[in-house]
Amino acid sequence: MTTTTEQPTTTTVGETDERTREAWTDFEFDGEAKITVEDLDVYYGDDHALKGVSMEIPERSVTALIGPSGCGKSTYLRCLNRMNDRIPSARIEGSVRPDGQEIYQDGVNLVELRKRVGMVFQSPNPFPKSIRENIAYGPQKHGDLDTGLLARLLNRDDTAEREELVERCLRDAALWDEVHDRLDDNALGLSGGQQQRLCIARCLSVDPEVILMDEPASALDPIATAKIEDLIADLAEHYTVVIVTHNMQQAARISDQTAVFLTGGELVEYGDTDRVFEDPHSDRVEDYITGKFG
Amino acid sequence: MADARIRSSQLVDETTTEADAVAALTIGVSAALFALAVAAMFDQVSLTGTIAGAQTVTLLGGLLTLLGLTVIALGAGSRLGYVESTPDPSAGLVAGVGAAFPWALLGGSVASGVLGLGTGGGLVGAVVVGGVALVATVIPREDVGSTVPLGGLLLITGLVFATGVIGPAWVWELGWEQTAAISAQFLIPVATLSTTLYGGWAAAKAYGGFGARGRHMGAYVLVYLNAISIVAFLFILVAFVVIQGVPGLLTGFEIGIGAGPEISLLGVSVTLPVSIPFVMNGVALLNEFQGVLPAIVGTFWLVIGAVLLAVPLGVGAAVFLTEYAERGRFTQVVEVATNGLWSTPSIVFGLFGFAFLIPRFGNGKSLLSGMITLGFMLLPLVVITSRESMLSVPDEYRDASAALGVSKWQTIRSVVLPAALPGVVTGVILGVGRIAGETAPILLTMAGGTFVPDTQTVDVIGSFQFISTPPFVANPALLEATSALPYQLFALITAGVGLGSNVSDPNGFRWATALVLLIVVLSFYAIGIVTRYYFRRRLQHT
């Protein structure tokens, strides 16, 4: 166990403390906010996993969420497209508003939400289908692509559109050159890094605006990681990328702004990446970043 | 290559020594003896016959004696330091108990049988001899303990067989109220089999130089022989049925253009170039050839019907249980119920069909009642295996699909079910293997007509007819009693049907029926394996 220089006890958490923390997480930026989160609390049963998080995520940029294991950063990420709904014990309070529209209310169209806010997971999880089928899966299930026998008979065949879509997504995910001659091969035959880029391509296929990434490079070797990082930088030109990572160098390399979560599910500091890494307001964040704790 | 080998390091295995070669040869002899004993047990080798000029019993005895001497020599060589080895201080209690058991049996038998000391004397003999063997195994160093007592056992058994003390004609009347006797036909193969296992184990330990490596080798040889024996049992069983059944099956076999019967399918008539009367005819009083065609067709439709009933129901239930139902009391109850249904005796299913289905479907035994009864029997296995294979589909696939905004049902249909399909197919294969050979439920619900003349078979497809009153579709063929292979076999053997003049060679007929049943079940099995292979390939490779 490494000791921390600052050991906050329950008595120090008071009004002053609360106000300071708000100042630390108050991030001013130019341009529009893509997602606004206010007072987000998440409980898993009795476990209070995320405590009153508020932050605004600017559009067309890379936002990194860092922090030690169990600090709630993945939980926070999964709240942004309501993936936590899939965990029966999870209870969510607060407000999340992509493009100003509240998603934690009745009558939200989850299909539309998840089309707009896509997600890439920690371990590559392509379907056990061909590369082409992996990309075309989402649009086909949404009825945007029709390539079945019936469609052919009714002269509504979208095979050409599908090929176009597959090529575009694979090019955007920097995978086209490696796989264009074997689109019918099973995706599980690709290397780990290729699989993860395929997952990113699959996520792009439904034309999202926001891409959530949950430690997308943690299962990959350095070369594959570098490719993913380059790709993320390119994606930020068109998409709003929110990435969870516990690799601080990675966050420093690729993100425009960084949010630091610390044990207990609190957002402690949020700001410009350079500022957070060079001059953190919070001593705890400084300890975490310099490796004294966490 | 050999030059590059480092010889000085103790980590590297030294070159093969003569002792290693002897030990390896001993293991080989044990394996050969094991195979010979299995063959003798199933009457594939006659004990009184000769192999390479020697009577089989004498040969078995001689080989056992040789095996015993070699095993003792290997142990002694190691103890006296002629052979390099790394033995433990003791062979251990498990080996001791293992060695004590056959010795106790031997001691007890000799005391009560040969010396005539009665039951009490036998018990004392067993305890004394077994105890000595236990001590002799556990107390000395491992190399002696695990070779000498077992080698001695092999030696005694071998000498008894080789010298003819126990020959092929030997019988031990047990003298119980019931007539019971142990014959040489039984004793010699069993004794050879078990003592060879001990001998092979001891030789394998010696080959590994005793110690941890030796124990590993010993265990390896034992489990390897177990695995081999499973294959051997299946092979012997199939070979036995084939040998007995082929003559009956091929009676009147002809090959040539126009030799076979004419088959018309969808208006096209084809004359088959082969004629196998046994599978192309029914059996009746005036048939020139007797065959089981109606029963084959009956079994075929029976299995098709049961699968059509059970697979959609079972897979649907499994989807609900894995994907929709929250894991809790209800799913537990369903789980217990399915397992209970699977363990329910088949005759109970048959009685249910007899009492519940038959009054509701034409009040007589019918193909339909049989299909439904067997479908119920198949259902639990389909549920259990489908459920297992759906649970083993990684949650990552479901997450990925949900994150694309795809609905739950679409995810199940396009991702979960295809990934679970090989497992589902495996379950159906196992189930079909069971129901295709099921006799009791068929006996009560659908069987009849073991003597259908000529080539009359149940014509399910052709019997569909449209009628003007509900239910608008009728199929008289489904409501008729039909024969099926297991029932035909049962009727032939147990009920004595066919023992009269209408079957010329009853025994050949029975064996041929059994062979055809085996072929039909194995064909279903083969179809299932090919299907599973196809789906697995689609999931894993290109």
# chains A, B, ... in the order shown; residues from 1 in each chain; ligands from 1
>>> interface_residues(of="chain B", to="chain A", cutoff="10 Å", atoms="only C-alpha atoms", output="PyMOL selection string")
chain B and resi 326+394-407+410-411+414-416+418-419+537-542
>>> select_by_dssp(residues="stretch 164-262 of chain A", states="strand (DSSP E or B)", output="list in words")
Asn186, Val210, Ile211, Leu212, Met213, Asp214, Thr240, Val241, Val242, Ile243, Val244, Gln257, Thr258, Ala259, Val260, Phe261 and Leu262 of chain A
>>> write_last_selection(atoms="N, CA and C atoms", output="short mmCIF file (atom, residue, chain, number, x, y, z; two decimals), in the first residue's frame")
data_model
loop_
_atom_site.label_atom_id
_atom_site.label_comp_id
_atom_site.auth_asym_id
_atom_site.auth_seq_id
_atom_site.Cartn_x
_atom_site.Cartn_y
_atom_site.Cartn_z
N ASN A 186 -14.14 -15.08 -41.81
CA ASN A 186 -14.68 -14.89 -40.48
C ASN A 186 -13.85 -13.86 -39.72
N VAL A 210 -21.49 10.31 -31.43
CA VAL A 210 -20.58 10.16 -30.30
C VAL A 210 -20.08 8.72 -30.29
N ILE A 211 -18.79 8.52 -30.02
CA ILE A 211 -18.26 7.17 -29.88
C ILE A 211 -17.67 7.02 -28.49
N LEU A 212 -18.22 6.07 -27.73
CA LEU A 212 -17.70 5.79 -26.39
C LEU A 212 -16.74 4.62 -26.50
N MET A 213 -15.56 4.77 -25.88
CA MET A 213 -14.59 3.68 -25.95
C MET A 213 -14.17 3.30 -24.54
N ASP A 214 -14.35 2.02 -24.21
CA ASP A 214 -14.03 1.55 -22.86
C ASP A 214 -12.70 0.80 -22.89
N THR A 240 -17.50 12.91 -31.75
CA THR A 240 -17.13 13.23 -30.37
C THR A 240 -16.72 11.91 -29.72
N VAL A 241 -15.46 11.84 -29.29
CA VAL A 241 -14.95 10.58 -28.75
C VAL A 241 -14.77 10.72 -27.24
N VAL A 242 -15.32 9.79 -26.50
CA VAL A 242 -15.09 9.73 -25.05
C VAL A 242 -14.41 8.40 -24.77
N ILE A 243 -13.22 8.45 -24.17
CA ILE A 243 -12.45 7.22 -24.02
C ILE A 243 -12.04 7.02 -22.56
N VAL A 244 -12.30 5.82 -22.07
CA VAL A 244 -11.84 5.44 -20.74
C VAL A 244 -10.50 4.75 -20.90
N GLN A 257 -9.23 16.92 -23.59
CA GLN A 257 -9.48 17.23 -22.19
C GLN A 257 -9.55 15.93 -21.40
N THR A 258 -9.24 16.03 -20.13
CA THR A 258 -9.15 14.84 -19.30
C THR A 258 -9.99 15.03 -18.04
N ALA A 259 -10.73 13.97 -17.71
CA ALA A 259 -11.47 13.97 -16.46
C ALA A 259 -10.86 12.91 -15.57
N VAL A 260 -10.54 13.28 -14.32
CA VAL A 260 -9.93 12.32 -13.41
C VAL A 260 -10.97 11.90 -12.37
N PHE A 261 -11.24 10.61 -12.34
CA PHE A 261 -12.12 10.04 -11.31
C PHE A 261 -11.23 9.39 -10.27
N LEU A 262 -11.58 9.54 -8.98
CA LEU A 262 -10.79 8.85 -7.98
C LEU A 262 -11.70 7.93 -7.17
#
>>> closest_residue(among="B:Leu517, B:Leu36, B:Ala206, B:Leu93", to="B:Val241", atoms="only C-alpha atoms")
B:Leu517
>>> residues_around(residues="B:Ile384", least_positions_apart="5", cutoff="9 Å", atoms="only C-alpha atoms", output="ChimeraX atom specification")
/B:314,318,335,338-339,379,389,427
>>> write_last_selection(atoms="N, CA and C atoms", output="mmCIF file, in the first residue's frame")
data_model
loop_
_atom_site.group_PDB
_atom_site.id
_atom_site.type_symbol
_atom_site.label_atom_id
_atom_site.label_comp_id
_atom_site.auth_asym_id
_atom_site.auth_seq_id
_atom_site.Cartn_x
_atom_site.Cartn_y
_atom_site.Cartn_z
ATOM 1 N N GLY B 314 -38.494 -26.898 -27.502
ATOM 2 C CA GLY B 314 -37.359 -26.894 -26.567
ATOM 3 C C GLY B 314 -36.482 -25.674 -26.757
ATOM 4 N N ALA B 318 -35.810 -22.666 -24.137
ATOM 5 C CA ALA B 318 -34.444 -22.325 -23.727
ATOM 6 C C ALA B 318 -34.171 -20.848 -23.956
ATOM 7 N N GLU B 335 -35.823 -25.583 -14.256
ATOM 8 C CA GLU B 335 -34.615 -26.387 -14.399
ATOM 9 C C GLU B 335 -34.793 -27.759 -13.741
ATOM 10 N N THR B 338 -37.171 -29.854 -15.799
ATOM 11 C CA THR B 338 -36.577 -30.424 -17.016
ATOM 12 C C THR B 338 -35.697 -31.602 -16.687
ATOM 13 N N ASN B 339 -34.840 -31.431 -15.659
ATOM 14 C CA ASN B 339 -33.971 -32.546 -15.289
ATOM 15 C C ASN B 339 -34.787 -33.745 -14.861
ATOM 16 N N LEU B 379 -37.843 -33.670 -25.528
ATOM 17 C CA LEU B 379 -37.930 -32.258 -25.137
ATOM 18 C C LEU B 379 -36.948 -31.823 -24.040
ATOM 19 N N SER B 389 -25.851 -24.220 -24.215
ATOM 20 C CA SER B 389 -25.058 -23.610 -25.290
ATOM 21 C C SER B 389 -25.398 -22.131 -25.425
ATOM 22 N N GLY B 427 -27.249 -31.687 -28.772
ATOM 23 C CA GLY B 427 -28.311 -32.180 -27.906
ATOM 24 C C GLY B 427 -29.310 -33.020 -28.675
#
>>> atom_distance(atom1="atom CA of B:Gly151", atom2="atom CA of B:Val135")
15.2 Å
>>> closest_residue(among="A:Ile87, A:Leu175, A:Ala224, A:Gly67", to="A:Gly192", atoms="only C-alpha atoms")
A:Ala224
>>> residues_around(residues="B:Leu309", least_positions_apart="4", cutoff="9 Å", atoms="only C-alpha atoms", output="ChimeraX atom specification")
/B:304-305,313-314,371-372,375-376,378-379
>>> residues_around(residues="A:Cys79", least_positions_apart="5", cutoff="10 Å", atoms="only C-alpha atoms", output="mmCIF file with C-alpha atoms, in the first residue's frame")
data_model
loop_
_atom_site.group_PDB
_atom_site.id
_atom_site.type_symbol
_atom_site.label_atom_id
_atom_site.label_comp_id
_atom_site.auth_asym_id
_atom_site.auth_seq_id
_atom_site.Cartn_x
_atom_site.Cartn_y
_atom_site.Cartn_z
ATOM 1 C CA VAL A 37 -24.242 15.545 -17.583
ATOM 2 C CA LEU A 40 -25.316 11.814 -12.079
ATOM 3 C CA ASP A 41 -25.551 9.204 -9.334
ATOM 4 C CA VAL A 42 -25.307 5.467 -9.960
ATOM 5 C CA LYS A 73 -15.154 5.768 -14.996
ATOM 6 C CA SER A 74 -16.534 2.816 -16.969
ATOM 7 C CA ASN A 84 -26.197 0.298 -17.648
ATOM 8 C CA ASP A 85 -29.853 -0.527 -18.235
ATOM 9 C CA ILE A 92 -29.352 5.771 -12.060
ATOM 10 C CA SER A 95 -29.490 13.986 -15.992
ATOM 11 C CA VAL A 96 -27.639 13.129 -19.201
ATOM 12 C CA ILE A 103 -32.153 10.422 -22.000
ATOM 13 C CA TYR A 104 -33.151 9.466 -18.454
#
>>> select_by_dssp(residues="stretch 134-239 of chain A", states="alpha helix (DSSP H)", output="ChimeraX atom specification")
/A:134-141,149-153,159-172,176-179,192-204,222-235
>>> write_last_selection(atoms="C-alpha atoms", output="tab-separated table (two decimals), in the first residue's frame")
chain	number	residue	atom	x	y	z
A	134	ASN	CA	-20.11	-7.57	-39.10
A	135	ILE	CA	-20.21	-4.11	-40.68
A	136	ALA	CA	-23.58	-4.53	-42.35
A	137	TYR	CA	-25.18	-6.02	-39.23
A	138	GLY	CA	-26.39	-2.79	-37.58
A	139	PRO	CA	-27.86	-1.06	-40.68
A	140	GLN	CA	-29.46	-4.34	-41.77
A	141	LYS	CA	-31.18	-4.82	-38.43
A	149	LEU	CA	-34.04	-12.61	-51.40
A	150	LEU	CA	-37.29	-10.72	-51.02
A	151	ALA	CA	-35.54	-7.40	-51.60
A	152	ARG	CA	-34.00	-8.78	-54.77
A	153	LEU	CA	-37.38	-9.97	-56.00
A	159	THR	CA	-26.16	-4.71	-52.24
A	160	ALA	CA	-24.33	-1.82	-53.91
A	161	GLU	CA	-25.06	0.47	-50.95
A	162	ARG	CA	-23.87	-2.22	-48.60
A	163	GLU	CA	-20.56	-2.61	-50.42
A	164	GLU	CA	-20.13	1.15	-50.33
A	165	LEU	CA	-20.89	1.27	-46.62
A	166	VAL	CA	-18.51	-1.60	-45.83
A	167	GLU	CA	-15.69	0.10	-47.73
A	168	ARG	CA	-16.34	3.51	-46.17
A	169	CYS	CA	-16.47	2.18	-42.60
A	170	LEU	CA	-13.37	0.02	-43.07
A	171	ARG	CA	-11.48	2.95	-44.60
A	172	ASP	CA	-12.52	5.23	-41.74
A	176	TRP	CA	-9.59	-1.44	-45.52
A	177	ASP	CA	-6.09	-1.97	-46.91
A	178	GLU	CA	-5.53	-4.99	-44.69
A	179	VAL	CA	-8.80	-6.81	-45.28
A	192	GLY	CA	-6.61	-8.65	-31.88
A	193	GLY	CA	-5.76	-5.17	-33.15
A	194	GLN	CA	-7.57	-5.75	-36.43
A	195	GLN	CA	-10.59	-7.08	-34.56
A	196	GLN	CA	-10.72	-3.94	-32.43
A	197	ARG	CA	-10.54	-1.71	-35.52
A	198	LEU	CA	-13.28	-3.84	-37.05
A	199	CYS	CA	-15.37	-3.15	-33.94
A	200	ILE	CA	-14.75	0.57	-34.43
A	201	ALA	CA	-15.77	0.21	-38.09
A	202	ARG	CA	-18.88	-1.65	-37.02
A	203	CYS	CA	-19.67	1.16	-34.61
A	204	LEU	CA	-19.27	3.71	-37.44
A	222	PRO	CA	2.03	-1.56	-28.46
A	223	ILE	CA	1.92	-1.51	-32.27
A	224	ALA	CA	-1.80	-2.24	-32.43
A	225	THR	CA	-2.31	0.31	-29.66
A	226	ALA	CA	-0.47	2.97	-31.66
A	227	LYS	CA	-2.73	2.29	-34.66
A	228	ILE	CA	-5.83	2.64	-32.52
A	229	GLU	CA	-4.52	5.89	-31.05
A	230	ASP	CA	-3.87	7.35	-34.51
A	231	LEU	CA	-7.33	6.28	-35.52
A	232	ILE	CA	-8.90	7.99	-32.50
A	233	ALA	CA	-7.17	11.25	-33.41
A	234	ASP	CA	-8.61	11.01	-36.94
A	235	LEU	CA	-12.07	10.12	-35.69
>>> residues_around(residues="B:Thr331", least_positions_apart="4", cutoff="10 Å", atoms="only C-alpha atoms", output="NGL selection string")
:B and (320-322 or 325-327 or 335-337)
>>> write_last_selection(atoms="C-alpha atoms", output="tab-separated table (two decimals), in the first residue's frame")
chain	number	residue	atom	x	y	z
B	320	PHE	CA	-37.04	-17.70	-22.81
B	321	LEU	CA	-35.11	-19.14	-19.88
B	322	THR	CA	-31.71	-17.78	-20.86
B	325	ALA	CA	-36.56	-14.80	-17.62
B	326	GLU	CA	-34.80	-13.23	-14.67
B	327	ARG	CA	-32.74	-15.84	-12.92
B	335	GLU	CA	-34.62	-26.39	-14.40
B	336	VAL	CA	-35.54	-29.01	-11.81
B	337	ALA	CA	-38.60	-29.96	-13.83
>>> atom_distance(atom1="atom CA of B:Ala54", atom2="atom CA of B:Thr195")
21.1 Å
>>> residues_around(residues="stretch 350-365 of chain B", least_positions_apart="3", cutoff="8 Å", atoms="only C-alpha atoms", output="PyMOL selection string")
chain B and resi 346-347+368-370+372-373+440-448+479-481
